[in-house]
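Asks: Structure file upload21.csv, CSV, N, CA and C atoms and all ligand atoms, is pasted below:
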chain,number,residue,atom,x,y,z
A,1,MET,N,-15.7,-56.7,-0.5
A,1,MET,CA,-16.9,-57.1,-1.3
A,1,MET,C,-17.5,-55.9,-2.1
A,2,ARG,N,-17.6,-56.1,-3.3
A,2,ARG,CA,-18.2,-55.0,-4.2
A,2,ARG,C,-19.7,-55.1,-4.1
A,3,TRP,N,-20.3,-54.0,-4.5
A,3,TRP,CA,-21.8,-53.9,-4.4
A,3,TRP,C,-22.4,-54.9,-5.3
A,4,THR,N,-21.8,-55.3,-6.4
A,4,THR,CA,-22.4,-56.3,-7.3
A,4,THR,C,-22.5,-57.6,-6.6
A,5,ASP,N,-21.5,-58.0,-5.8
A,5,ASP,CA,-21.5,-59.3,-5.1
A,5,ASP,C,-22.7,-59.3,-4.2
A,6,VAL,N,-22.9,-58.2,-3.4
A,6,VAL,CA,-24.0,-58.2,-2.5
A,6,VAL,C,-25.4,-58.2,-3.2
A,7,SER,N,-25.4,-57.5,-4.3
A,7,SER,CA,-26.7,-57.5,-5.1
A,7,SER,C,-27.0,-58.9,-5.6
A,8,LEU,N,-26.1,-59.6,-6.1
A,8,LEU,CA,-26.3,-60.9,-6.7
A,8,LEU,C,-26.8,-61.9,-5.7
A,9,GLN,N,-26.3,-61.8,-4.5
A,9,GLN,CA,-26.8,-62.7,-3.4
A,9,GLN,C,-28.2,-62.4,-3.1
A,10,ARG,N,-28.6,-61.1,-3.1
A,10,ARG,CA,-29.9,-60.8,-2.6
A,10,ARG,C,-31.0,-61.1,-3.7
A,11,ILE,N,-30.7,-60.9,-4.9
A,11,ILE,CA,-31.8,-61.0,-5.9
A,11,ILE,C,-31.9,-62.4,-6.5
A,12,GLY,N,-31.0,-63.3,-6.3
A,12,GLY,CA,-31.2,-64.6,-6.8
A,12,GLY,C,-30.8,-64.8,-8.3
A,13,SER,N,-30.9,-66.0,-8.8
A,13,SER,CA,-30.3,-66.2,-10.1
A,13,SER,C,-31.0,-65.5,-11.3
A,14,ALA,N,-32.4,-65.5,-11.2
A,14,ALA,CA,-33.1,-64.9,-12.3
A,14,ALA,C,-32.8,-63.4,-12.3
A,15,GLY,N,-32.8,-62.8,-11.1
A,15,GLY,CA,-32.5,-61.4,-11.0
A,15,GLY,C,-31.0,-61.2,-11.5
A,16,ALA,N,-30.2,-62.1,-11.1
A,16,ALA,CA,-28.8,-62.0,-11.5
A,16,ALA,C,-28.6,-61.9,-13.0
A,17,ILE,N,-29.3,-62.8,-13.7
A,17,ILE,CA,-29.3,-62.8,-15.2
A,17,ILE,C,-29.8,-61.5,-15.7
A,18,ALA,N,-30.9,-61.0,-15.2
A,18,ALA,CA,-31.4,-59.7,-15.6
A,18,ALA,C,-30.4,-58.6,-15.4
A,19,LEU,N,-29.8,-58.7,-14.2
A,19,LEU,CA,-28.8,-57.6,-13.9
A,19,LEU,C,-27.6,-57.7,-14.9
A,20,LEU,N,-27.2,-58.9,-15.2
A,20,LEU,CA,-26.1,-59.1,-16.1
A,20,LEU,C,-26.4,-58.5,-17.5
A,21,PHE,N,-27.7,-58.6,-17.9
A,21,PHE,CA,-28.0,-58.0,-19.2
A,21,PHE,C,-28.0,-56.5,-19.1
A,22,VAL,N,-28.4,-56.0,-18.0
A,22,VAL,CA,-28.4,-54.5,-17.8
A,22,VAL,C,-26.9,-54.1,-17.8
A,23,MET,N,-26.0,-54.8,-17.1
A,23,MET,CA,-24.6,-54.4,-17.1
A,23,MET,C,-24.0,-54.5,-18.5
A,24,LEU,N,-24.3,-55.6,-19.2
A,24,LEU,CA,-23.8,-55.8,-20.5
A,24,LEU,C,-24.2,-54.7,-21.4
A,25,SER,N,-25.5,-54.3,-21.4
A,25,SER,CA,-26.0,-53.3,-22.3
A,25,SER,C,-25.3,-51.9,-21.9
A,26,THR,N,-25.0,-51.8,-20.6
A,26,THR,CA,-24.3,-50.5,-20.2
A,26,THR,C,-23.0,-50.5,-20.8
A,27,VAL,N,-22.3,-51.6,-20.8
A,27,VAL,CA,-20.9,-51.7,-21.4
A,27,VAL,C,-21.0,-51.4,-22.9
A,28,VAL,N,-21.9,-52.1,-23.5
A,28,VAL,CA,-22.0,-52.0,-25.0
A,28,VAL,C,-22.4,-50.6,-25.4
A,29,GLY,N,-23.3,-50.0,-24.6
A,29,GLY,CA,-23.7,-48.6,-24.9
A,29,GLY,C,-22.7,-47.6,-24.5
A,30,CYS,N,-21.5,-48.0,-24.1
A,30,CYS,CA,-20.5,-47.1,-23.5
A,30,CYS,C,-19.5,-46.7,-24.5
A,31,THR,N,-19.9,-46.5,-25.8
A,31,THR,CA,-18.9,-46.1,-26.8
A,31,THR,C,-18.6,-44.6,-26.7
A,32,GLU,N,-19.5,-43.8,-26.2
A,32,GLU,CA,-19.1,-42.4,-26.0
A,32,GLU,C,-18.3,-42.3,-24.7
A,33,ASP,N,-17.6,-41.3,-24.7
A,33,ASP,CA,-16.6,-41.1,-23.5
A,33,ASP,C,-17.2,-40.4,-22.3
A,34,GLN,N,-18.5,-40.0,-22.4
A,34,GLN,CA,-19.1,-39.4,-21.3
A,34,GLN,C,-20.4,-40.1,-20.9
A,35,ASP,N,-20.5,-40.4,-19.6
A,35,ASP,CA,-21.7,-41.1,-19.1
A,35,ASP,C,-22.9,-40.1,-18.9
A,36,LYS,N,-22.5,-39.0,-18.4
A,36,LYS,CA,-23.6,-38.1,-18.0
A,36,LYS,C,-23.1,-36.6,-18.1
A,37,THR,N,-23.9,-35.8,-18.6
A,37,THR,CA,-23.6,-34.4,-18.7
A,37,THR,C,-24.7,-33.6,-18.0
A,38,SER,N,-24.3,-32.5,-17.5
A,38,SER,CA,-25.3,-31.6,-16.9
A,38,SER,C,-24.9,-30.1,-17.2
A,39,GLY,N,-25.8,-29.2,-17.1
A,39,GLY,CA,-25.5,-27.8,-17.3
A,39,GLY,C,-25.8,-27.4,-18.7
A,40,GLU,N,-25.5,-26.2,-19.0
A,40,GLU,CA,-25.9,-25.6,-20.3
A,40,GLU,C,-24.8,-25.9,-21.4
A,41,LEU,N,-23.6,-26.0,-20.9
A,41,LEU,CA,-22.5,-26.4,-21.9
A,41,LEU,C,-22.4,-27.9,-22.1
A,42,ALA,N,-22.3,-28.3,-23.3
A,42,ALA,CA,-22.2,-29.7,-23.7
A,42,ALA,C,-20.7,-30.0,-23.7
A,43,ILE,N,-20.3,-31.1,-23.1
A,43,ILE,CA,-18.9,-31.5,-23.0
A,43,ILE,C,-18.8,-32.9,-23.4
A,44,SER,N,-17.8,-33.2,-24.3
A,44,SER,CA,-17.5,-34.6,-24.7
A,44,SER,C,-16.0,-34.7,-24.9
A,45,TRP,N,-15.5,-35.9,-24.9
A,45,TRP,CA,-14.1,-36.0,-25.1
A,45,TRP,C,-13.7,-37.4,-25.6
A,46,VAL,N,-12.5,-37.5,-26.1
A,46,VAL,CA,-11.9,-38.7,-26.6
A,46,VAL,C,-10.6,-38.9,-25.9
A,47,MET,N,-10.4,-40.1,-25.4
A,47,MET,CA,-9.2,-40.4,-24.7
A,47,MET,C,-8.1,-40.9,-25.7
A,48,SER,N,-6.9,-40.6,-25.4
A,48,SER,CA,-5.8,-41.2,-26.1
A,48,SER,C,-4.7,-41.6,-25.1
A,49,PRO,N,-4.3,-42.9,-25.1
A,49,PRO,CA,-4.9,-44.0,-25.9
A,49,PRO,C,-6.3,-44.2,-25.4
A,50,ASN,N,-7.1,-44.9,-26.3
A,50,ASN,CA,-8.5,-45.3,-26.0
A,50,ASN,C,-8.6,-46.8,-26.2
A,51,PRO,N,-9.0,-47.5,-25.1
A,51,PRO,CA,-9.2,-47.0,-23.7
A,51,PRO,C,-7.9,-46.6,-23.1
A,52,PRO,N,-8.1,-45.7,-22.0
A,52,PRO,CA,-6.9,-45.2,-21.3
A,52,PRO,C,-6.1,-46.3,-20.6
A,53,ILE,N,-4.9,-45.9,-20.2
A,53,ILE,CA,-4.0,-46.8,-19.7
A,53,ILE,C,-3.5,-46.3,-18.3
A,54,VAL,N,-2.9,-47.2,-17.6
A,54,VAL,CA,-2.1,-46.8,-16.4
A,54,VAL,C,-0.9,-46.0,-16.9
A,55,GLY,N,-0.8,-44.8,-16.4
A,55,GLY,CA,0.2,-43.9,-16.9
A,55,GLY,C,-0.4,-42.6,-17.4
A,56,ALA,N,0.3,-41.9,-18.3
A,56,ALA,CA,-0.2,-40.6,-18.8
A,56,ALA,C,-1.1,-40.7,-20.0
A,57,ASN,N,-2.2,-40.1,-19.9
A,57,ASN,CA,-3.2,-40.1,-21.0
A,57,ASN,C,-3.4,-38.7,-21.5
A,58,THR,N,-4.0,-38.6,-22.7
A,58,THR,CA,-4.4,-37.3,-23.2
A,58,THR,C,-5.9,-37.3,-23.5
A,59,MET,N,-6.5,-36.2,-23.2
A,59,MET,CA,-8.0,-36.1,-23.6
A,59,MET,C,-8.2,-34.9,-24.5
A,60,THR,N,-8.9,-35.2,-25.6
A,60,THR,CA,-9.3,-34.1,-26.5
A,60,THR,C,-10.7,-33.8,-26.2
A,61,ILE,N,-11.0,-32.6,-25.7
A,61,ILE,CA,-12.3,-32.3,-25.1
A,61,ILE,C,-12.9,-31.2,-26.0
A,62,THR,N,-14.2,-31.4,-26.2
A,62,THR,CA,-15.0,-30.5,-27.0
A,62,THR,C,-16.1,-29.8,-26.1
A,63,VAL,N,-16.2,-28.5,-26.2
A,63,VAL,CA,-17.1,-27.8,-25.4
A,63,VAL,C,-18.0,-27.0,-26.4
A,64,THR,N,-19.3,-27.2,-26.3
A,64,THR,CA,-20.3,-26.5,-27.2
A,64,THR,C,-21.4,-25.9,-26.4
A,65,TYR,N,-22.0,-24.9,-26.9
A,65,TYR,CA,-23.2,-24.3,-26.3
A,65,TYR,C,-24.3,-24.2,-27.4
A,66,GLN,N,-25.4,-24.9,-27.3
A,66,GLN,CA,-26.4,-25.0,-28.3
A,66,GLN,C,-25.9,-25.3,-29.6
A,67,GLY,N,-24.9,-26.3,-29.6
A,67,GLY,CA,-24.4,-26.8,-30.9
A,67,GLY,C,-23.2,-26.0,-31.4
A,68,ASN,N,-22.9,-24.8,-30.8
A,68,ASN,CA,-21.8,-24.0,-31.3
A,68,ASN,C,-20.5,-24.2,-30.5
A,69,PRO,N,-19.4,-24.4,-31.1
A,69,PRO,CA,-18.1,-24.6,-30.4
A,69,PRO,C,-17.8,-23.3,-29.6
A,70,ILE,N,-17.3,-23.5,-28.4
A,70,ILE,CA,-17.1,-22.4,-27.5
A,70,ILE,C,-15.6,-22.2,-27.3
A,71,THR,N,-15.1,-21.0,-27.7
A,71,THR,CA,-13.7,-20.7,-27.4
A,71,THR,C,-13.6,-19.8,-26.1
A,72,GLY,N,-12.5,-19.9,-25.4
A,72,GLY,CA,-12.3,-19.1,-24.2
A,72,GLY,C,-13.0,-19.7,-23.0
A,73,ALA,N,-13.4,-20.9,-23.0
A,73,ALA,CA,-14.0,-21.5,-21.8
A,73,ALA,C,-12.9,-21.9,-20.8
A,74,SER,N,-13.2,-21.9,-19.6
A,74,SER,CA,-12.4,-22.4,-18.5
A,74,SER,C,-12.7,-23.9,-18.3
A,75,VAL,N,-11.7,-24.7,-18.5
A,75,VAL,CA,-11.9,-26.2,-18.5
A,75,VAL,C,-11.1,-26.8,-17.4
A,76,GLU,N,-11.7,-27.7,-16.6
A,76,GLU,CA,-11.0,-28.4,-15.6
A,76,GLU,C,-11.2,-29.9,-15.7
A,77,VAL,N,-10.2,-30.6,-15.4
A,77,VAL,CA,-10.3,-32.1,-15.4
A,77,VAL,C,-10.0,-32.6,-14.0
A,78,ALA,N,-10.9,-33.4,-13.5
A,78,ALA,CA,-10.7,-34.0,-12.2
A,78,ALA,C,-10.7,-35.5,-12.3
A,79,THR,N,-9.7,-36.1,-11.7
A,79,THR,CA,-9.6,-37.6,-11.8
A,79,THR,C,-9.7,-38.1,-10.3
A,80,GLU,N,-10.4,-39.3,-10.2
A,80,GLU,CA,-10.7,-39.8,-8.9
A,80,GLU,C,-10.8,-41.3,-8.9
A,81,MET,N,-10.2,-42.0,-7.9
A,81,MET,CA,-10.6,-43.4,-7.7
A,81,MET,C,-11.5,-43.4,-6.5
A,82,PRO,N,-12.8,-43.6,-6.8
A,82,PRO,CA,-13.8,-43.5,-5.7
A,82,PRO,C,-13.6,-44.5,-4.6
A,83,ALA,N,-13.1,-45.7,-5.0
A,83,ALA,CA,-12.9,-46.8,-4.0
A,83,ALA,C,-11.7,-46.6,-3.1
A,84,HIS,N,-10.8,-45.7,-3.6
A,84,HIS,CA,-9.6,-45.5,-2.8
A,84,HIS,C,-9.5,-44.1,-2.2
A,85,GLY,N,-10.4,-43.2,-2.6
A,85,GLY,CA,-10.4,-41.9,-2.0
A,85,GLY,C,-9.2,-41.1,-2.3
A,86,HIS,N,-8.7,-41.3,-3.5
A,86,HIS,CA,-7.6,-40.4,-4.0
A,86,HIS,C,-7.8,-40.1,-5.4
A,87,GLY,N,-7.1,-39.1,-5.9
A,87,GLY,CA,-7.1,-38.7,-7.3
A,87,GLY,C,-5.8,-39.0,-7.9
A,88,SER,N,-5.5,-38.3,-9.0
A,88,SER,CA,-4.3,-38.5,-9.7
A,88,SER,C,-3.1,-38.0,-9.0
A,89,SER,N,-2.0,-38.6,-9.2
A,89,SER,CA,-0.7,-38.1,-8.6
A,89,SER,C,-0.2,-36.9,-9.3
A,90,GLU,N,-0.8,-36.5,-10.4
A,90,GLU,CA,-0.3,-35.4,-11.2
A,90,GLU,C,-1.5,-34.4,-11.5
A,91,THR,N,-1.1,-33.2,-11.9
A,91,THR,CA,-2.1,-32.3,-12.3
A,91,THR,C,-2.2,-32.2,-13.8
A,92,PRO,N,-3.4,-32.4,-14.4
A,92,PRO,CA,-3.5,-32.3,-15.8
A,92,PRO,C,-3.2,-30.9,-16.3
A,93,ILE,N,-2.7,-30.9,-17.5
A,93,ILE,CA,-2.4,-29.6,-18.2
A,93,ILE,C,-3.4,-29.4,-19.3
A,94,ILE,N,-4.1,-28.2,-19.2
A,94,ILE,CA,-5.2,-28.0,-20.2
A,94,ILE,C,-4.7,-26.9,-21.2
A,95,ALA,N,-4.8,-27.1,-22.4
A,95,ALA,CA,-4.4,-26.2,-23.5
A,95,ALA,C,-5.6,-26.0,-24.4
A,96,GLU,N,-6.0,-24.8,-24.7
A,96,GLU,CA,-7.0,-24.5,-25.7
A,96,GLU,C,-6.5,-24.7,-27.1
A,97,LYS,N,-7.2,-25.4,-27.9
A,97,LYS,CA,-6.7,-25.6,-29.3
A,97,LYS,C,-7.5,-24.9,-30.3
A,98,GLY,N,-8.5,-24.2,-29.9
A,98,GLY,CA,-9.4,-23.4,-30.9
A,98,GLY,C,-10.6,-24.2,-31.3
A,99,ASN,N,-11.6,-23.5,-31.8
A,99,ASN,CA,-12.8,-24.1,-32.3
A,99,ASN,C,-13.5,-25.0,-31.3
A,100,GLY,N,-13.5,-24.6,-30.1
A,100,GLY,CA,-14.2,-25.4,-29.1
A,100,GLY,C,-13.4,-26.7,-28.6
A,101,THR,N,-12.2,-26.8,-29.0
A,101,THR,CA,-11.4,-28.0,-28.6
A,101,THR,C,-10.3,-27.6,-27.5
A,102,TYR,N,-10.3,-28.5,-26.5
A,102,TYR,CA,-9.3,-28.3,-25.4
A,102,TYR,C,-8.6,-29.6,-25.2
A,103,GLU,N,-7.3,-29.5,-25.1
A,103,GLU,CA,-6.5,-30.7,-24.9
A,103,GLU,C,-6.0,-30.8,-23.5
A,104,ALA,N,-6.2,-31.9,-22.8
A,104,ALA,CA,-5.7,-32.2,-21.5
A,104,ALA,C,-4.6,-33.2,-21.6
A,105,THR,N,-3.4,-32.8,-21.3
A,105,THR,CA,-2.3,-33.8,-21.3
A,105,THR,C,-1.9,-34.0,-19.8
A,106,ASN,N,-1.1,-35.0,-19.6
A,106,ASN,CA,-0.6,-35.4,-18.3
A,106,ASN,C,-1.8,-35.8,-17.4
A,107,VAL,N,-2.8,-36.5,-18.0
A,107,VAL,CA,-3.9,-37.1,-17.2
A,107,VAL,C,-3.4,-38.4,-16.7
A,108,VAL,N,-2.8,-38.4,-15.6
A,108,VAL,CA,-2.1,-39.6,-15.1
A,108,VAL,C,-3.0,-40.4,-14.2
A,109,LEU,N,-3.2,-41.7,-14.6
A,109,LEU,CA,-3.9,-42.7,-13.8
A,109,LEU,C,-2.8,-43.7,-13.3
A,110,GLN,N,-2.5,-43.5,-12.1
A,110,GLN,CA,-1.2,-44.1,-11.7
A,110,GLN,C,-1.4,-45.6,-11.2
A,111,MET,N,-2.6,-46.1,-11.2
A,111,MET,CA,-2.8,-47.5,-10.8
A,111,MET,C,-4.0,-48.1,-11.5
A,112,PRO,N,-4.0,-49.4,-11.7
A,112,PRO,CA,-5.2,-50.1,-12.3
A,112,PRO,C,-6.4,-50.0,-11.3
A,113,GLY,N,-7.6,-50.1,-11.9
A,113,GLY,CA,-8.8,-50.0,-11.1
A,113,GLY,C,-9.8,-49.1,-11.7
A,114,THR,N,-10.8,-48.7,-10.9
A,114,THR,CA,-11.9,-47.9,-11.4
A,114,THR,C,-11.6,-46.4,-11.2
A,115,TRP,N,-11.6,-45.7,-12.3
A,115,TRP,CA,-11.3,-44.3,-12.2
A,115,TRP,C,-12.5,-43.5,-12.7
A,116,ARG,N,-12.8,-42.4,-12.1
A,116,ARG,CA,-13.9,-41.5,-12.5
A,116,ARG,C,-13.2,-40.2,-13.0
A,117,ILE,N,-13.5,-39.9,-14.3
A,117,ILE,CA,-12.9,-38.6,-14.8
A,117,ILE,C,-14.0,-37.7,-15.1
A,118,GLU,N,-13.9,-36.5,-14.5
A,118,GLU,CA,-14.9,-35.5,-14.7
A,118,GLU,C,-14.3,-34.2,-15.4
A,119,VAL,N,-15.1,-33.7,-16.3
A,119,VAL,CA,-14.7,-32.4,-16.9
A,119,VAL,C,-15.7,-31.4,-16.6
A,120,ASP,N,-15.3,-30.2,-16.1
A,120,ASP,CA,-16.1,-29.1,-15.8
A,120,ASP,C,-15.7,-27.9,-16.7
A,121,ALA,N,-16.7,-27.2,-17.3
A,121,ALA,CA,-16.3,-26.1,-18.1
A,121,ALA,C,-17.2,-24.9,-17.7
A,122,THR,N,-16.6,-23.7,-17.8
A,122,THR,CA,-17.3,-22.5,-17.5
A,122,THR,C,-17.1,-21.5,-18.6
A,123,TRP,N,-18.1,-20.8,-19.1
A,123,TRP,CA,-18.0,-19.8,-20.1
A,123,TRP,C,-19.0,-18.8,-19.9
A,124,LYS,N,-18.6,-17.6,-19.7
A,124,LYS,CA,-19.5,-16.5,-19.3
A,124,LYS,C,-20.3,-16.9,-18.1
A,125,ASP,N,-21.6,-16.9,-18.2
A,125,ASP,CA,-22.5,-17.3,-17.1
A,125,ASP,C,-23.0,-18.8,-17.3
A,126,LYS,N,-22.3,-19.5,-18.2
A,126,LYS,CA,-22.8,-20.9,-18.5
A,126,LYS,C,-21.8,-21.8,-17.9
A,127,THR,N,-22.3,-23.0,-17.4
A,127,THR,CA,-21.4,-24.0,-16.9
A,127,THR,C,-21.9,-25.4,-17.5
A,128,GLY,N,-21.0,-26.3,-17.4
A,128,GLY,CA,-21.3,-27.7,-17.9
A,128,GLY,C,-20.4,-28.7,-17.2
A,129,SER,N,-20.9,-29.9,-17.1
A,129,SER,CA,-20.1,-30.9,-16.4
A,129,SER,C,-20.4,-32.3,-17.0
A,130,ALA,N,-19.4,-33.1,-17.1
A,130,ALA,CA,-19.6,-34.5,-17.7
A,130,ALA,C,-18.6,-35.4,-17.0
A,131,PHE,N,-19.0,-36.6,-16.9
A,131,PHE,CA,-18.0,-37.6,-16.3
A,131,PHE,C,-18.2,-39.0,-17.0
A,132,HIS,N,-17.1,-39.7,-16.8
A,132,HIS,CA,-17.2,-41.1,-17.3
A,132,HIS,C,-16.3,-41.9,-16.3
A,133,VAL,N,-16.8,-43.2,-16.1
A,133,VAL,CA,-16.1,-44.1,-15.3
A,133,VAL,C,-15.3,-45.1,-16.1
A,134,TYR,N,-14.0,-45.3,-15.9
A,134,TYR,CA,-13.2,-46.2,-16.6
A,134,TYR,C,-12.7,-47.3,-15.7
A,135,ASP,N,-12.7,-48.5,-16.2
A,135,ASP,CA,-12.0,-49.6,-15.5
A,135,ASP,C,-10.7,-49.9,-16.2
A,136,ILE,N,-9.6,-49.6,-15.6
A,136,ILE,CA,-8.3,-49.7,-16.2
A,136,ILE,C,-7.7,-51.0,-15.7
A,137,PRO,N,-7.4,-51.9,-16.7
A,137,PRO,CA,-6.9,-53.2,-16.3
A,137,PRO,C,-5.4,-53.1,-15.8
B,1,CU,CU,-6.1,-46.0,-6.2
Could you show the structure in this file as structure tokens?
Ligand SMILES: [Cu+2]

Replies:
Amino acid sequence: MRWTDVSLQRIGSAGAIALLFVMLSTVVGCTEDQDKTSGELAISWVMSPNPPIVGANTMTITVTYQGNPITGASVEVATEMPAHGHGSSETPIIAEKGNGTYEATNVVLQMPGTWRIEVDATWKDKTGSAFHVYDIP
């Protein structure tokens, strides 16, 4: 049973409709590829294909600090299926492309379901983190 099923039973139909609107607006507002960022470095990315698929995906990642593209950052991509307690079967390959752009290839999502992708970046004494949750059919 997923948490949404439990929630719907507890809050009744009026609450369920309200929750549905919240969930819909979350989906509609989800055009950017990052749900949440933290730290001093700003991180965003675009998936290819978009939306991502079961199999190998590519991420084009942008790292900026106060609006300026950052070269020479250390970038890491972490994939996880929270419900299953495992990550990707493969290790992503990160390549710096210049002007604050980093390409992650071999981002393998080996099964359908809910995946959380997090990107962490470090540059000098600055860090940043961003993640997005994808439902892969
Ligand atoms: Cu899994």

Asks: Using all atoms listed in the file - which residues lie no farther than 6.5 Å from the point (-16.0, -25.4, -16.7) in the file's frame? Write them as a ChimeraX atom specification.

Replies: /A:73-76,119-123,127-128

Asks: Ligand CU 1 (chain B): which residues are within 7 Å, counting all atoms listed in the file? Reply as a PyMOL selection string.

Replies: chain A and resi 81+83-87+110-113

Asks: For atom N of A:Val133 and atom C of A:Ile53, quote the distance in Å rounded to one decimal.

Replies: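 Interatomic distance, atom N of A:Val133 to atom C of A:Ile53: 13.8 Å.
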
Asks: So the first atom is atom C of A:Trp45 and the second is atom CA of A:Asp125; what is the distance between them in Å, to one decimal place?

Replies: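 Computing it gives 23.5 Å between the two atoms.
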
Asks: What is the atom CA of A:Leu109-atom CA of A:Ala78 distance in Å, reported with one decimal?

Replies: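 Rounded to one decimal, the two atoms are 11.2 Å apart.
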
Asks: Which residue is closest to A:Tyr134? Choose from A:Val108, A:Thr114, A:Ser48, A:Tyr65 and count only N, CA and C atoms.

Replies: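 Closest to A:Tyr134 of all the choices is A:Thr114.
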
Asks: Could you list as a short mmCIF file (atom, residue, chain, number, x, y, z; two decimals) with N, CA and C atoms, keeping the file's coordinate frame every residue that has an atom within 6.5 Å of (-4.9, -28.6, -16.2), using the file's coordinates and counting all atoms listed in the file?

Replies:
data_model
loop_
_atom_site.label_atom_id
_atom_site.label_comp_id
_atom_site.auth_asym_id
_atom_site.auth_seq_id
_atom_site.Cartn_x
_atom_site.Cartn_y
_atom_site.Cartn_z
N GLU A 76 -11.70 -27.70 -16.60
CA GLU A 76 -11.00 -28.40 -15.60
C GLU A 76 -11.20 -29.90 -15.70
N VAL A 77 -10.20 -30.60 -15.40
CA VAL A 77 -10.30 -32.10 -15.40
C VAL A 77 -10.00 -32.60 -14.00
N THR A 91 -1.10 -33.20 -11.90
CA THR A 91 -2.10 -32.30 -12.30
C THR A 91 -2.20 -32.20 -13.80
N PRO A 92 -3.40 -32.40 -14.40
CA PRO A 92 -3.50 -32.30 -15.80
C PRO A 92 -3.20 -30.90 -16.30
N ILE A 93 -2.70 -30.90 -17.50
CA ILE A 93 -2.40 -29.60 -18.20
C ILE A 93 -3.40 -29.40 -19.30
N ILE A 94 -4.10 -28.20 -19.20
CA ILE A 94 -5.20 -28.00 -20.20
C ILE A 94 -4.70 -26.90 -21.20
N ALA A 95 -4.80 -27.10 -22.40
CA ALA A 95 -4.40 -26.20 -23.50
C ALA A 95 -5.60 -26.00 -24.40
N ALA A 104 -6.20 -31.90 -22.80
CA ALA A 104 -5.70 -32.20 -21.50
C ALA A 104 -4.60 -33.20 -21.60
#

Asks: Which residue gives the smallest distance to A:Glu103 among A:Pro82, A:Glu40, A:Ile136, A:Thr58, with only C-alpha atoms counted?

Replies: A:Thr58

Asks: Give the answer as one residue: which of A:Glu80, A:Gly100, A:Ser89, A:Ile43 has the shortest atom-to-atom distance to A:Arg116, using all atoms listed in the file?

Replies: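 Counting all atoms listed in the file, the residue closest to A:Arg116 is A:Glu80.
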